[in-house]
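K.L.:
Enclosed is the structure file input.pdb (PDB, C-alpha atoms, pLDDT in the B column).
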ATOM      1  CA  VAL A   1     124.441 144.741 177.029  1.00 49.00           C
ATOM      2  CA  MET A   2     121.203 142.861 177.373  1.00 49.00           C
ATOM      3  CA  MET A   3     119.704 144.788 174.415  1.00 47.00           C
ATOM      4  CA  PHE A   4     122.755 143.990 172.274  1.00 44.00           C
ATOM      5  CA  ALA A   5     122.504 140.316 173.192  1.00 48.00           C
ATOM      6  CA  ALA A   6     118.801 140.307 172.358  1.00 46.00           C
ATOM      7  CA  LEU A   7     119.474 142.001 169.024  1.00 46.00           C
ATOM      8  CA  THR A   8     122.187 139.496 168.254  1.00 49.00           C
ATOM      9  CA  LEU A   9     119.806 136.633 169.085  1.00 46.00           C
ATOM     10  CA  SER A  10     117.090 138.127 166.929  1.00 51.00           C
ATOM     11  CA  LEU A  11     119.485 138.408 163.955  1.00 47.00           C
ATOM     12  CA  SER A  12     120.573 134.842 164.469  1.00 56.00           C
ATOM     13  CA  VAL A  13     116.960 133.687 164.543  1.00 47.00           C
ATOM     14  CA  ILE A  14     116.200 135.696 161.414  1.00 53.00           C
ATOM     15  CA  GLY A  15     119.224 134.103 159.691  1.00 55.00           C
ATOM     16  CA  VAL A  16     118.091 130.657 160.624  1.00 49.00           C
ATOM     17  CA  LEU A  17     114.580 131.406 159.408  1.00 53.00           C
ATOM     18  CA  ASN A  18     115.923 132.710 156.122  1.00 57.00           C
ATOM     19  CA  GLN A  19     117.959 129.571 155.689  1.00 62.00           C
ATOM     20  CA  GLU A  20     114.884 127.509 156.452  1.00 57.00           C
ATOM     21  CA  ARG A  21     112.877 129.501 153.913  1.00 60.00           C
ATOM     22  CA  ARG A  22     115.534 128.931 151.277  1.00 65.00           C
ATOM     23  CA  GLY A  23     115.555 125.244 152.095  1.00 58.00           C
ATOM     24  CA  VAL A  24     111.777 125.111 151.855  1.00 55.00           C
ATOM     25  CA  ALA A  25     111.909 127.001 148.557  1.00 60.00           C
ATOM     26  CA  ARG A  26     114.432 124.506 147.194  1.00 67.00           C
ATOM     27  CA  SER A  27     112.257 121.642 148.396  1.00 60.00           C
ATOM     28  CA  VAL A  28     109.174 123.162 146.736  1.00 57.00           C
ATOM     29  CA  ALA A  29     111.117 123.639 143.493  1.00 62.00           C
ATOM     30  CA  ALA A  30     112.315 120.049 143.676  1.00 59.00           C
ATOM     31  CA  ILE A  31     108.780 118.813 144.297  1.00 57.00           C
ATOM     32  CA  GLN A  32     107.483 120.906 141.387  1.00 59.00           C
ATOM     33  CA  ALA A  33     110.220 119.483 139.178  1.00 59.00           C
ATOM     34  CA  LEU A  34     109.189 115.982 140.192  1.00 53.00           C
ATOM     35  CA  ASP A  35     105.552 116.838 139.540  1.00 59.00           C
ATOM     36  CA  SER A  36     106.356 118.201 136.067  1.00 59.00           C
ATOM     37  CA  ALA A  37     108.533 115.226 135.144  1.00 56.00           C
ATOM     38  CA  PRO A  38     105.605 112.890 134.369  1.00 60.00           C
ATOM     39  CA  ALA A  39     103.963 115.570 132.182  1.00 61.00           C
ATOM     40  CA  SER A  40     107.226 116.059 130.287  1.00 63.00           C
ATOM     41  CA  LEU A  41     107.659 112.324 129.967  1.00 60.00           C
ATOM     42  CA  LYS A  42     104.081 111.979 128.711  1.00 61.00           C
ATOM     43  CA  SER A  43     104.676 114.683 126.112  1.00 69.00           C
ATOM     44  CA  GLU A  44     107.843 112.923 124.925  1.00 67.00           C
ATOM     45  CA  ILE A  45     106.026 109.578 124.756  1.00 62.00           C
ATOM     46  CA  GLU A  46     103.231 111.177 122.712  1.00 67.00           C
ATOM     47  CA  GLN A  47     105.788 112.705 120.353  1.00 73.00           C
ATOM     48  CA  ARG A  48     107.534 109.351 119.924  1.00 70.00           C
ATOM     49  CA  THR A  49     104.178 107.654 119.357  1.00 72.00           C
ATOM     50  CA  THR A  50     103.370 110.173 116.618  1.00 74.00           C
ATOM     51  CA  GLU A  51     106.765 109.616 114.997  1.00 70.00           C
ATOM     52  CA  VAL A  52     106.281 105.845 115.101  1.00 67.00           C
ATOM     53  CA  ALA A  53     102.810 106.189 113.543  1.00 70.00           C
ATOM     54  CA  GLU A  54     104.203 108.393 110.770  1.00 73.00           C
ATOM     55  CA  LEU A  55     107.027 105.923 110.162  1.00 65.00           C
ATOM     56  CA  ARG A  56     104.530 103.056 110.034  1.00 72.00           C
ATOM     57  CA  ASP A  57     102.422 104.954 107.486  1.00 69.00           C
ATOM     58  CA  GLN A  58     105.521 105.576 105.373  1.00 68.00           C
ATOM     59  CA  ILE A  59     106.446 101.892 105.536  1.00 61.00           C
ATOM     60  CA  LEU A  60     102.906 100.884 104.529  1.00 68.00           C
ATOM     61  CA  GLN A  61     103.018 103.354 101.642  1.00 73.00           C
ATOM     62  CA  ARG A  62     106.375 102.001 100.464  1.00 69.00           C
ATOM     63  CA  GLU A  63     105.042  98.440 100.707  1.00 69.00           C
ATOM     64  CA  ALA A  64     102.026  99.429  98.601  1.00 69.00           C
ATOM     65  CA  GLU A  65     104.335 101.071  96.033  1.00 68.00           C
ATOM     66  CA  LEU A  66     106.491  97.934  95.944  1.00 66.00           C
ATOM     67  CA  ASP A  67     103.391  95.770  95.467  1.00 70.00           C
ATOM     68  CA  ASP A  68     102.267  97.989  92.570  1.00 69.00           C
ATOM     69  CA  ALA A  69     105.728  97.868  91.016  1.00 64.00           C
ATOM     70  CA  HIS A  70     105.836  94.074  91.404  1.00 65.00           C
ATOM     71  CA  THR A  71     102.370  93.731  89.831  1.00 66.00           C
ATOM     72  CA  GLN A  72     103.354  95.971  86.929  1.00 67.00           C
ATOM     73  CA  LEU A  73     106.608  94.073  86.444  1.00 59.00           C
ATOM     74  CA  THR A  74     104.732  90.766  86.474  1.00 62.00           C
ATOM     75  CA  GLN A  75     102.243  92.089  83.926  1.00 60.00           C
ATOM     76  CA  ASN A  76     105.058  93.386  81.730  1.00 56.00           C
ATOM     77  CA  GLU A  77     106.825  90.027  81.947  1.00 54.00           C
ATOM     78  CA  SER A  78     103.575  88.257  81.039  1.00 62.00           C
ATOM     79  CA  SER A  79     103.048  90.625  78.095  1.00 59.00           C
ATOM     80  CA  LEU A  80     106.600  90.085  76.886  1.00 64.00           C
ATOM     81  CA  GLN A  81     106.281  86.320  77.236  1.00 67.00           C
ATOM     82  CA  ARG A  82     102.969  86.371  75.381  1.00 62.00           C
ATOM     83  CA  LEU A  83     104.450  88.547  72.638  1.00 60.00           C
ATOM     84  CA  ALA A  84     107.455  86.225  72.370  1.00 62.00           C
ATOM     85  CA  ARG A  85     105.162  83.204  72.027  1.00 66.00           C
ATOM     86  CA  GLN A  86     103.104  84.977  69.374  1.00 61.00           C
ATOM     87  CA  ASN A  87     106.241  85.928  67.460  1.00 61.00           C
ATOM     88  CA  GLU A  88     107.335  82.293  67.539  1.00 66.00           C
ATOM     89  CA  GLU A  89     103.905  81.254  66.249  1.00 65.00           C
ATOM     90  CA  PHE A  90     104.134  83.852  63.472  1.00 60.00           C
ATOM     91  CA  ALA A  91     107.646  82.733  62.520  1.00 60.00           C
ATOM     92  CA  GLY A  92     106.439  79.137  62.321  1.00 63.00           C
ATOM     93  CA  LEU A  93     103.512  80.096  60.098  1.00 63.00           C
ATOM     94  CA  PHE A  94     105.650  82.358  57.941  1.00 60.00           C
ATOM     95  CA  LYS A  95     108.304  79.682  57.334  1.00 64.00           C
ATOM     96  CA  ASN A  96     105.788  76.914  56.715  1.00 66.00           C
ATOM     97  CA  PRO A  97     105.586  76.351  52.917  1.00 69.00           C
ATOM     98  CA  SER A  98     102.024  75.052  53.233  1.00 71.00           C
ATOM     99  CA  SER A  99     100.767  78.273  54.860  1.00 77.00           C
ATOM    100  CA  LYS A 100      98.359  80.315  52.799  1.00 82.00           C
ATOM    101  CA  VAL A 101      98.207  84.119  52.629  1.00 86.00           C
ATOM    102  CA  VAL A 102      95.102  86.262  52.244  1.00 88.00           C
ATOM    103  CA  SER A 103      95.473  89.999  51.635  1.00 92.00           C
ATOM    104  CA  LEU A 104      92.882  92.440  52.959  1.00 95.00           C
ATOM    105  CA  ALA A 105      92.551  95.950  51.550  1.00 96.00           C
ATOM    106  CA  GLY A 106      91.096  99.042  53.170  1.00 95.00           C
ATOM    107  CA  SER A 107      87.529 100.023  52.352  1.00 94.00           C
ATOM    108  CA  ASP A 108      86.295 103.579  51.797  1.00 92.00           C
ATOM    109  CA  MET A 109      86.275 103.867  55.630  1.00 90.00           C
ATOM    110  CA  ALA A 110      90.059 103.293  55.748  1.00 93.00           C
ATOM    111  CA  LYS A 111      91.584 103.619  52.276  1.00 92.00           C
ATOM    112  CA  SER A 112      95.209 103.575  53.480  1.00 93.00           C
ATOM    113  CA  ALA A 113      94.714 100.539  55.718  1.00 95.00           C
ATOM    114  CA  GLY A 114      95.667  96.999  54.849  1.00 95.00           C
ATOM    115  CA  ALA A 115      96.254  93.559  56.358  1.00 95.00           C
ATOM    116  CA  PHE A 116      97.345  90.048  55.590  1.00 90.00           C
ATOM    117  CA  LEU A 117      96.242  86.761  57.096  1.00 89.00           C
ATOM    118  CA  LEU A 118      98.604  83.772  57.320  1.00 86.00           C
ATOM    119  CA  PHE A 119      96.931  80.394  57.743  1.00 84.00           C
ATOM    120  CA  ASP A 120      98.264  76.873  58.284  1.00 83.00           C
ATOM    121  CA  PRO A 121      95.643  74.273  57.247  1.00 79.00           C
ATOM    122  CA  ALA A 122      97.377  71.538  59.267  1.00 79.00           C
ATOM    123  CA  THR A 123      97.347  73.288  62.642  1.00 81.00           C
ATOM    124  CA  LYS A 124      94.360  75.570  61.847  1.00 82.00           C
ATOM    125  CA  LYS A 125      96.337  78.458  63.289  1.00 84.00           C
ATOM    126  CA  ALA A 126      96.243  81.879  61.657  1.00 86.00           C
ATOM    127  CA  TRP A 127      98.024  85.188  62.178  1.00 87.00           C
ATOM    128  CA  LEU A 128      96.519  88.557  61.303  1.00 91.00           C
ATOM    129  CA  TYR A 129      98.650  91.650  60.817  1.00 91.00           C
ATOM    130  CA  ALA A 130      96.861  94.943  60.108  1.00 94.00           C
ATOM    131  CA  TYR A 131      98.185  98.470  59.660  1.00 94.00           C
ATOM    132  CA  ASN A 132      96.984 102.067  59.195  1.00 94.00           C
ATOM    133  CA  LEU A 133      93.579 101.376  60.677  1.00 95.00           C
ATOM    134  CA  PRO A 134      91.859 104.418  62.239  1.00 94.00           C
ATOM    135  CA  ALA A 135      92.078 104.775  66.008  1.00 93.00           C
ATOM    136  CA  LEU A 136      89.161 103.125  67.754  1.00 93.00           C
ATOM    137  CA  PRO A 137      86.537 105.132  69.636  1.00 91.00           C
ATOM    138  CA  SER A 138      86.135 104.337  73.324  1.00 92.00           C
ATOM    139  CA  GLY A 139      84.197 101.121  73.899  1.00 94.00           C
ATOM    140  CA  LYS A 140      84.888  99.753  70.400  1.00 95.00           C
ATOM    141  CA  VAL A 141      87.033  96.942  68.968  1.00 96.00           C
ATOM    142  CA  TYR A 142      87.895  95.619  65.540  1.00 97.00           C
ATOM    143  CA  GLN A 143      86.428  92.213  64.737  1.00 96.00           C
ATOM    144  CA  LEU A 144      87.652  89.791  62.061  1.00 95.00           C
ATOM    145  CA  TRP A 145      85.041  87.769  60.146  1.00 94.00           C
ATOM    146  CA  ALA A 146      85.538  84.654  58.047  1.00 91.00           C
ATOM    147  CA  ILE A 147      82.745  84.512  55.482  1.00 89.00           C
ATOM    148  CA  ASP A 148      81.248  81.503  53.711  1.00 85.00           C
ATOM    149  CA  ASP A 149      77.457  81.606  53.425  1.00 82.00           C
ATOM    150  CA  LYS A 150      77.416  83.769  56.540  1.00 87.00           C
ATOM    151  CA  PRO A 151      80.132  85.544  58.560  1.00 90.00           C
ATOM    152  CA  VAL A 152      81.755  83.735  61.482  1.00 89.00           C
ATOM    153  CA  SER A 153      83.772  85.647  64.073  1.00 91.00           C
ATOM    154  CA  ALA A 154      87.497  84.855  64.085  1.00 91.00           C
ATOM    155  CA  GLY A 155      88.354  87.175  66.991  1.00 93.00           C
ATOM    156  CA  VAL A 156      88.518  90.770  68.150  1.00 95.00           C
ATOM    157  CA  PHE A 157      91.554  93.028  68.421  1.00 95.00           C
ATOM    158  CA  GLY A 158      92.694  96.549  69.206  1.00 94.00           C
ATOM    159  CA  LEU A 159      95.544  98.723  67.954  1.00 92.00           C
ATOM    160  CA  ASP A 160      98.954  99.528  69.374  1.00 87.00           C
ATOM    161  CA  ALA A 161     100.447 103.032  69.559  1.00 83.00           C
ATOM    162  CA  GLY A 162     101.477 102.789  65.898  1.00 85.00           C
ATOM    163  CA  LEU A 163      97.911 101.979  64.769  1.00 86.00           C
ATOM    164  CA  LYS A 164      98.954  98.413  64.007  1.00 90.00           C
ATOM    165  CA  ALA A 165      97.365  95.156  65.106  1.00 91.00           C
ATOM    166  CA  ARG A 166      98.605  91.597  65.550  1.00 88.00           C
ATOM    167  CA  MET A 167      96.287  88.733  66.410  1.00 89.00           C
ATOM    168  CA  LEU A 168      96.978  85.016  66.727  1.00 88.00           C
ATOM    169  CA  ILE A 169      93.994  82.797  65.912  1.00 86.00           C
ATOM    170  CA  ARG A 170      94.464  79.326  67.361  1.00 83.00           C
ATOM    171  CA  ASN A 171      91.579  77.545  65.657  1.00 81.00           C
ATOM    172  CA  MET A 172      90.546  78.865  62.256  1.00 76.00           C
ATOM    173  CA  THR A 173      88.171  76.026  61.361  1.00 69.00           C
ATOM    174  CA  GLU A 174      86.792  75.347  57.907  1.00 71.00           C
ATOM    175  CA  PHE A 175      89.281  77.698  56.268  1.00 71.00           C
ATOM    176  CA  SER A 176      88.979  75.933  52.928  1.00 69.00           C
ATOM    177  CA  ARG A 177      85.274  76.789  52.844  1.00 78.00           C
ATOM    178  CA  MET A 178      85.807  80.482  53.499  1.00 80.00           C
ATOM    179  CA  LYS A 179      85.541  82.794  50.507  1.00 83.00           C
ATOM    180  CA  LYS A 180      86.060  86.199  52.091  1.00 89.00           C
ATOM    181  CA  PHE A 181      87.454  87.887  55.184  1.00 92.00           C
ATOM    182  CA  ALA A 182      86.395  91.242  56.567  1.00 95.00           C
ATOM    183  CA  VAL A 183      87.100  93.504  59.541  1.00 97.00           C
ATOM    184  CA  THR A 184      84.397  95.645  61.126  1.00 97.00           C
ATOM    185  CA  VAL A 185      84.172  97.943  64.143  1.00 96.00           C
ATOM    186  CA  GLU A 186      82.022  96.486  66.911  1.00 97.00           C
ATOM    187  CA  PRO A 187      81.244  97.174  70.596  1.00 96.00           C
ATOM    188  CA  ASP A 188      83.666  95.853  73.223  1.00 94.00           C
ATOM    189  CA  GLY A 189      83.702  92.067  73.340  1.00 92.00           C
ATOM    190  CA  GLY A 190      82.535  91.723  69.746  1.00 94.00           C
ATOM    191  CA  ARG A 191      79.200  90.579  68.345  1.00 95.00           C
ATOM    192  CA  PRO A 192      77.905  87.213  67.065  1.00 93.00           C
ATOM    193  CA  GLU A 193      77.333  88.819  63.672  1.00 93.00           C
ATOM    194  CA  PRO A 194      78.566  92.055  62.054  1.00 94.00           C
ATOM    195  CA  THR A 195      76.786  95.274  63.001  1.00 94.00           C
ATOM    196  CA  GLY A 196      79.402  97.945  62.173  1.00 93.00           C
ATOM    197  CA  ALA A 197      80.984  99.375  59.062  1.00 93.00           C
ATOM    198  CA  ILE A 198      83.563  97.337  57.112  1.00 95.00           C
ATOM    199  CA  TYR A 199      87.136  98.667  57.316  1.00 96.00           C
ATOM    200  CA  LEU A 200      89.072  95.805  55.703  1.00 96.00           C
ATOM    201  CA  ILE A 201      88.016  93.185  53.198  1.00 95.00           C
ATOM    202  CA  GLY A 202      89.719  90.453  51.144  1.00 93.00           C
ATOM    203  CA  GLN A 203      89.003  87.155  49.453  1.00 88.00           C
ATOM    204  CA  ILE A 204      90.792  83.906  48.736  1.00 78.00           C
TER     205      ILE A 204
END
Turn the structure described in the file into structure tokens.

P.N.:
Amino acid sequence: VMMFAALTLSLSVIGVLNQERRGVARSVAAIQALDSAPASLKSEIEQRTTEVAELRDQILQREAELDDAHTQLTQNESSLQRLARQNEEFAGLFKNPSSKVVSLAGSDMAKSAGAFLLFDPATKKAWLYAYNLPALPSGKVYQLWAIDDKPVSAGVFGLDAGLKARMLIRNMTEFSRMKKFAVTVEPDGGRPEPTGAIYLIGQI
């Protein structure tokens, strides 16, 4: 009987110990879970920080694209307004009965090219329209010359996609003294006197 009681006590003790071990194991697991929580939280914070940084970069990129679009739109509006003003100036010159017209023909450098120059002696404004001129090399412009005893620059111009040119001249002084007009190819910005070949020429 004593041995049975001792065995029973031993089993009870072992049961209690097992329960204690399970409790300790659960406590250790809970502690480990608590210990890993900050690491998990840190990882999530880092992920959110990365997402925020990527979103910020996307926003900055979109803002830059919007700025570029706004700049381009502003430039286009300015170009359209300038073209509208020039067209109004041309219409005024064209309708003015006192305006004079000078025709320019293509030289051997541009036989199919041509141009005309409208001039209003009262306002000293002139309008040049040229067509079929050869495409310009890089770094070159066309330059219009008004010629009396010596050539005087009346402005520089380029060509549009259709190889045409339109130029408003706001102060064509001493027009009545001019005998000839010519167009040459010059370096960007033009030159104080002609240095390139003549592409258009005409006289009053």

K.L.:
I'd like the neighbourhood of range 181-190 of chain A as a PyMOL selection string, where a residue qualifies if any of its atoms comes within 7 Å (using all atoms listed in the file), though same-chain residues fewer than 4 positions away should be ignored.

P.N.:
chain A and resi 139-147+156+194-203

K.L.:
CA of Glu174 in chain A and CA of Asp148 in chain A, how far apart in Å?

P.N.:
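Here the two named atoms are 9.3 Å from each other.
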
K.L.:
So which residues get picked by the PyMOL selection byres ((chain A and resi 123-128) around 6) here, written as a PDB file with C-alpha atoms, keeping the file's coordinate frame?

P.N.:
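Result went into expr20.pdb, see below:
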ATOM      1  CA  PHE A 116      97.345  90.048  55.590  1.00 90.00           C
ATOM      2  CA  LEU A 117      96.242  86.761  57.096  1.00 89.00           C
ATOM      3  CA  LEU A 118      98.604  83.772  57.320  1.00 86.00           C
ATOM      4  CA  PHE A 119      96.931  80.394  57.743  1.00 84.00           C
ATOM      5  CA  ASP A 120      98.264  76.873  58.284  1.00 83.00           C
ATOM      6  CA  PRO A 121      95.643  74.273  57.247  1.00 79.00           C
ATOM      7  CA  ALA A 122      97.377  71.538  59.267  1.00 79.00           C
ATOM      8  CA  TYR A 129      98.650  91.650  60.817  1.00 91.00           C
ATOM      9  CA  ARG A 166      98.605  91.597  65.550  1.00 88.00           C
ATOM     10  CA  MET A 167      96.287  88.733  66.410  1.00 89.00           C
ATOM     11  CA  LEU A 168      96.978  85.016  66.727  1.00 88.00           C
ATOM     12  CA  ILE A 169      93.994  82.797  65.912  1.00 86.00           C
ATOM     13  CA  ARG A 170      94.464  79.326  67.361  1.00 83.00           C
ATOM     14  CA  ASN A 171      91.579  77.545  65.657  1.00 81.00           C
ATOM     15  CA  MET A 172      90.546  78.865  62.256  1.00 76.00           C
TER      16      MET A 172
END

K.L.:
Quick one: of A:Ile204, A:Ser138, A:Gly114, A:Pro192, who's nearest to Leu163 in chain A, counting all atoms listed in the file?

P.N.:
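Residue with the minimum atom-to-atom distance to Leu163 in chain A: A:Gly114.
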
K.L.:
How many Å lie between CA of Met178 in chain A and CA of Pro134 in chain A, rounded to one decimal?

P.N.:
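One can read the CA of Met178 in chain A to CA of Pro134 in chain A distance as 26.2 Å.
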
K.L.:
How far is it from CA of Glu54 in chain A to CA of Asp67 in chain A, in Å with one decimal?

P.N.:
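Here the two named atoms are 19.9 Å from each other.
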
K.L.:
Quick one: of A:Asn132, A:Ser112, A:Gln47, A:Ser103, who's nearest to Ala161 in chain A, counting all atoms listed in the file?

P.N.:
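The shortest atom-to-atom distance to Ala161 in chain A comes from A:Asn132.
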
K.L.:
Restrict the output to range 113-149 of chain A and C-alpha atoms, then write it as a short mmCIF file (atom, residue, chain, number, x, y, z; two decimals), in the first residue's frame.

P.N.:
data_model
loop_
_atom_site.label_atom_id
_atom_site.label_comp_id
_atom_site.auth_asym_id
_atom_site.auth_seq_id
_atom_site.Cartn_x
_atom_site.Cartn_y
_atom_site.Cartn_z
CA ALA A 113 12.73 80.23 -104.67
CA GLY A 114 11.02 83.58 -104.54
CA ALA A 115 9.83 86.29 -102.14
CA PHE A 116 7.99 89.56 -101.92
CA LEU A 117 8.48 92.48 -99.58
CA LEU A 118 5.57 94.72 -98.55
CA PHE A 119 6.54 98.14 -97.22
CA ASP A 120 4.54 101.02 -95.74
CA PRO A 121 6.50 104.30 -96.03
CA ALA A 122 4.36 105.96 -93.34
CA THR A 123 4.95 103.43 -90.57
CA LYS A 124 8.30 102.13 -91.96
CA LYS A 125 7.05 98.61 -91.36
CA ALA A 126 7.75 95.85 -93.86
CA TRP A 127 6.72 92.22 -94.26
CA LEU A 128 8.83 89.61 -96.02
CA TYR A 129 7.36 86.38 -97.33
CA ALA A 130 9.74 83.86 -98.91
CA TYR A 131 9.15 80.38 -100.31
CA ASN A 132 11.04 77.38 -101.74
CA LEU A 133 14.31 78.36 -100.12
CA PRO A 134 16.71 75.46 -99.45
CA ALA A 135 16.79 74.07 -95.92
CA LEU A 136 19.40 75.78 -93.80
CA PRO A 137 22.49 73.96 -92.54
CA SER A 138 22.94 73.81 -88.77
CA GLY A 139 24.20 77.09 -87.34
CA LYS A 140 23.04 79.16 -90.33
CA VAL A 141 20.28 81.73 -90.94
CA TYR A 142 18.96 83.70 -93.88
CA GLN A 143 19.64 87.43 -93.72
CA LEU A 144 17.79 90.15 -95.64
CA TRP A 145 19.81 93.12 -96.93
CA ALA A 146 18.56 96.50 -98.10
CA ILE A 147 21.11 97.92 -100.53
CA ASP A 148 21.84 101.54 -101.41
CA ASP A 149 25.55 102.33 -101.72
#
